[in-house]
Amino acid sequence: MTGDSSSWKSVRFSGSSLEQTWCWKKSFLDMELLKTFLLGSTKADHSSSEKQFEELKQENYELKKEIVSLQKENAELKQEKDQLVELKQVHDQFLKKFSPGGFYNTCFREKMVLLGFSPLLIASLIVNFVSSRSLIKIVFMKSIVGVSVISNYMCCCEPRIDYAEVLKKLNVEGYVTNGVWQQICKAKTEVTLNPDTAGPGLAVNVDDSLVKFTGEREAEWPSVLGREVFTSGRHYWEVEVGEKGYWAVGVSTHPGEKIIPEKPEEGYWLVRLSARGRKYEAVGKSLVTHPPPSLQESQSSLTLTLQHKLYKVGMYLNYGKRELSFYNVYDADNRYAMHTFKYNFTEVVYPVFSPGCHDKAPLKITRFDSTSSPFRITI
């Protein structure tokens with residue numbers, strides 16, 4: 001029993017040592033695995049951190065660029081603000097000196113009138129007086145303001161100057177100010193198409209406000225007249241031309257013609273677009289316009305250069321003043337004069353429209369809220 005017992009203990013001890021050795025090895029392997037895992041995690045974290053750092057670096061660079069851009073924009077806005085402030089100061093100074101009770105207005109203006117100077121010359125002298133005490137860089141701008149103030153004062157009206165309007169007028173050729181535009185819009189006239197006068201290949205819609213080319217090409221400029229004919233008064237109407245590359249609009253004195261000649265001689269006053277949307281022309285004879293009449297004797301068309309894309313054409317006929325003007329109605333706040341014909345209208349005048357024969361897009365007459373001018377006849 002003793003031998004057996006010690007033998008059993010010996011065996012047990014050996015088993016215990018083996019067990020411990022296995023546990024140590026297992027622990028060592030676990031530590032190696034843990035070390036490998038930690039090293040891998042560290043590398044992954046480091047790689048992720050580098051990527052995040054690069055992204056933050058790029059984002060910081062973009063923010064710096066945006067800050068520089070905003071600073072530049074802020075500087076430009078500040079400069080514009082300073083100009084407007086200075087402009088207003090000149091305006092206020094002018095009103096103070098040349099108001100009805102002001103010293104300069106009372107003495108200077110009365111003496112100039114007594115000496116026989118014309119109001120226009122007096123206005124010019126006053127503007128030069130104000131401009132000579134101003135910074136040279138905005139003399140022209142201040143002169144414009146001075147003329148506006150003098151004009152309003154001589155009309156016995158309280159001077160009111162829209163500085164945004166003044167700046168637009170100075171910077172954009174042909175810009176039409178709000179005051180002038182309001183007068184033009186008082187002559188709004190509802191114009192409708194007369195299907196009976198439609199040329200070959202043209203189709204007019206049910207409410208007579210839209211015309212387009214739908215047939216086979218027979219002529220370059222098939223046309224349709226308006227029902228309304230004008231013999232006096234002022235009239236304004238609009239036509240939406242959209243993205244069309246060919247069209248012609250204006251007035252005519254030929255009620256029987258359904259095709260506009262390529263080179264109209266008499267009785268047509270038009271603005272048209274051709275050459276696939278690349279060439280704007282004023283077509284028709286005019287007594288006084290640009291170029292001078294001497295140059296127009298040898299040509300019936302004048303190429304126009306527009307500063308803005310044309311989507312809507314406004315036409316203003318002042319029959320009594322013998323003028324037909326065309327406007328680029330860019331949007332509700334911006335419109336630009338394109339061309340003005342001066343002619344001694346003595347016959348009946350018909351609105352005329354041609355969508356051309358190169359595309360199917362329509363010409364559409366703008367519908368106004370109310371009918372304006374009473375000086376028209378409907379046929």
# chains A, B, ... in the order shown; residues from 1 in each chain; ligands from 1

$ select_by_dssp --residues "region 212-369 of chain A" --states "strand (DSSP E)" --output "PyMOL selection string"
chain A and resi 212-213+224-225+228-229+234-240+247-252+268-274+279-283+301-304+312-318+323-329+335-342+350-354+363-365

$ closest_atom_pairs --of "region 343-368 of chain A" --to "region 218-234 of chain A" --cutoff "12 Å" --atoms "only C-alpha atoms" --output "JSON lines"
{"residue": "A:Asn344", "atom": "CA", "partner": "A:Ser232", "partner_atom": "CA", "distance": 11.9}
{"residue": "A:Phe345", "atom": "CA", "partner": "A:Thr231", "partner_atom": "CA", "distance": 8.5}
{"residue": "A:Thr346", "atom": "CA", "partner": "A:Thr231", "partner_atom": "CA", "distance": 7.8}
{"residue": "A:Glu347", "atom": "CA", "partner": "A:Thr231", "partner_atom": "CA", "distance": 7.0}
{"residue": "A:Val348", "atom": "CA", "partner": "A:Thr231", "partner_atom": "CA", "distance": 5.2}
{"residue": "A:Val349", "atom": "CA", "partner": "A:Phe230", "partner_atom": "CA", "distance": 5.1}
{"residue": "A:Tyr350", "atom": "CA", "partner": "A:Val229", "partner_atom": "CA", "distance": 4.9}
{"residue": "A:Pro351", "atom": "CA", "partner": "A:Gly226", "partner_atom": "CA", "distance": 5.1}
{"residue": "A:Val352", "atom": "CA", "partner": "A:Leu225", "partner_atom": "CA", "distance": 4.5}
{"residue": "A:Phe353", "atom": "CA", "partner": "A:Val224", "partner_atom": "CA", "distance": 5.4}
{"residue": "A:Ser354", "atom": "CA", "partner": "A:Ser223", "partner_atom": "CA", "distance": 4.3}
{"residue": "A:Pro355", "atom": "CA", "partner": "A:Ser223", "partner_atom": "CA", "distance": 7.3}
{"residue": "A:Gly356", "atom": "CA", "partner": "A:Trp221", "partner_atom": "CA", "distance": 4.9}
{"residue": "A:Cys357", "atom": "CA", "partner": "A:Glu220", "partner_atom": "CA", "distance": 6.0}
{"residue": "A:His358", "atom": "CA", "partner": "A:Glu220", "partner_atom": "CA", "distance": 8.3}
{"residue": "A:Asp359", "atom": "CA", "partner": "A:Glu220", "partner_atom": "CA", "distance": 11.5}
{"residue": "A:Leu363", "atom": "CA", "partner": "A:Val224", "partner_atom": "CA", "distance": 10.9}
{"residue": "A:Ile365", "atom": "CA", "partner": "A:Gly226", "partner_atom": "CA", "distance": 10.2}

$ atom_distance --atom1 "CA of Met315 (chain A)" --atom2 "CA of Val249 (chain A)"
8.7 Å

$ closest_residue --among "A:Val211, A:Leu270, A:Ala203, A:Leu77" --to "Val313 (chain A)" --atoms "only C-alpha atoms"
A:Leu270

$ atom_distance --atom1 "CA of Ala248 (chain A)" --atom2 "CA of Arg367 (chain A)"
19.1 Å

$ residues_around --residues "region 320-327 of chain A" --least-positions-apart "6" --cutoff "6 Å" --atoms "only C-alpha atoms" --output "PDB file with C-alpha atoms, in the first residue's frame"
ATOM      1  CA  VAL A 313     -39.098  91.524 -76.240  1.00  0.00           C
ATOM      2  CA  GLY A 314     -41.045  94.620 -75.232  1.00  0.00           C
ATOM      3  CA  TYR A 336     -32.624  97.433 -71.472  1.00  0.00           C
ATOM      4  CA  ALA A 337     -33.280  99.574 -74.541  1.00  0.00           C
ATOM      5  CA  MET A 338     -32.349  97.735 -77.735  1.00  0.00           C
ATOM      6  CA  HIS A 339     -33.301 100.079 -80.550  1.00  0.00           C
ATOM      7  CA  THR A 340     -35.643 102.967 -81.411  1.00  0.00           C
ATOM      8  CA  PHE A 341     -37.070 103.806 -84.838  1.00  0.00           C
ATOM      9  CA  LYS A 342     -38.247 107.341 -85.519  1.00  0.00           C
ATOM     10  CA  TYR A 343     -40.650 107.608 -88.412  1.00  0.00           C
ATOM     11  CA  ASN A 344     -43.543 109.788 -89.490  1.00  0.00           C
TER      12      ASN A 344
END

$ closest_residue --among "A:Val241, A:Ile259, A:Val176, A:Val251" --to "Pro200 (chain A)" --atoms "only C-alpha atoms"
A:Ile259

$ closest_residue --among "A:Glu50, A:Glu80, A:Val191, A:Leu304" --to "Val271 (chain A)" --atoms "only C-alpha atoms"
A:Leu304

$ atom_distance --atom1 "CA of Pro261 (chain A)" --atom2 "CA of His235 (chain A)"
25.1 Å
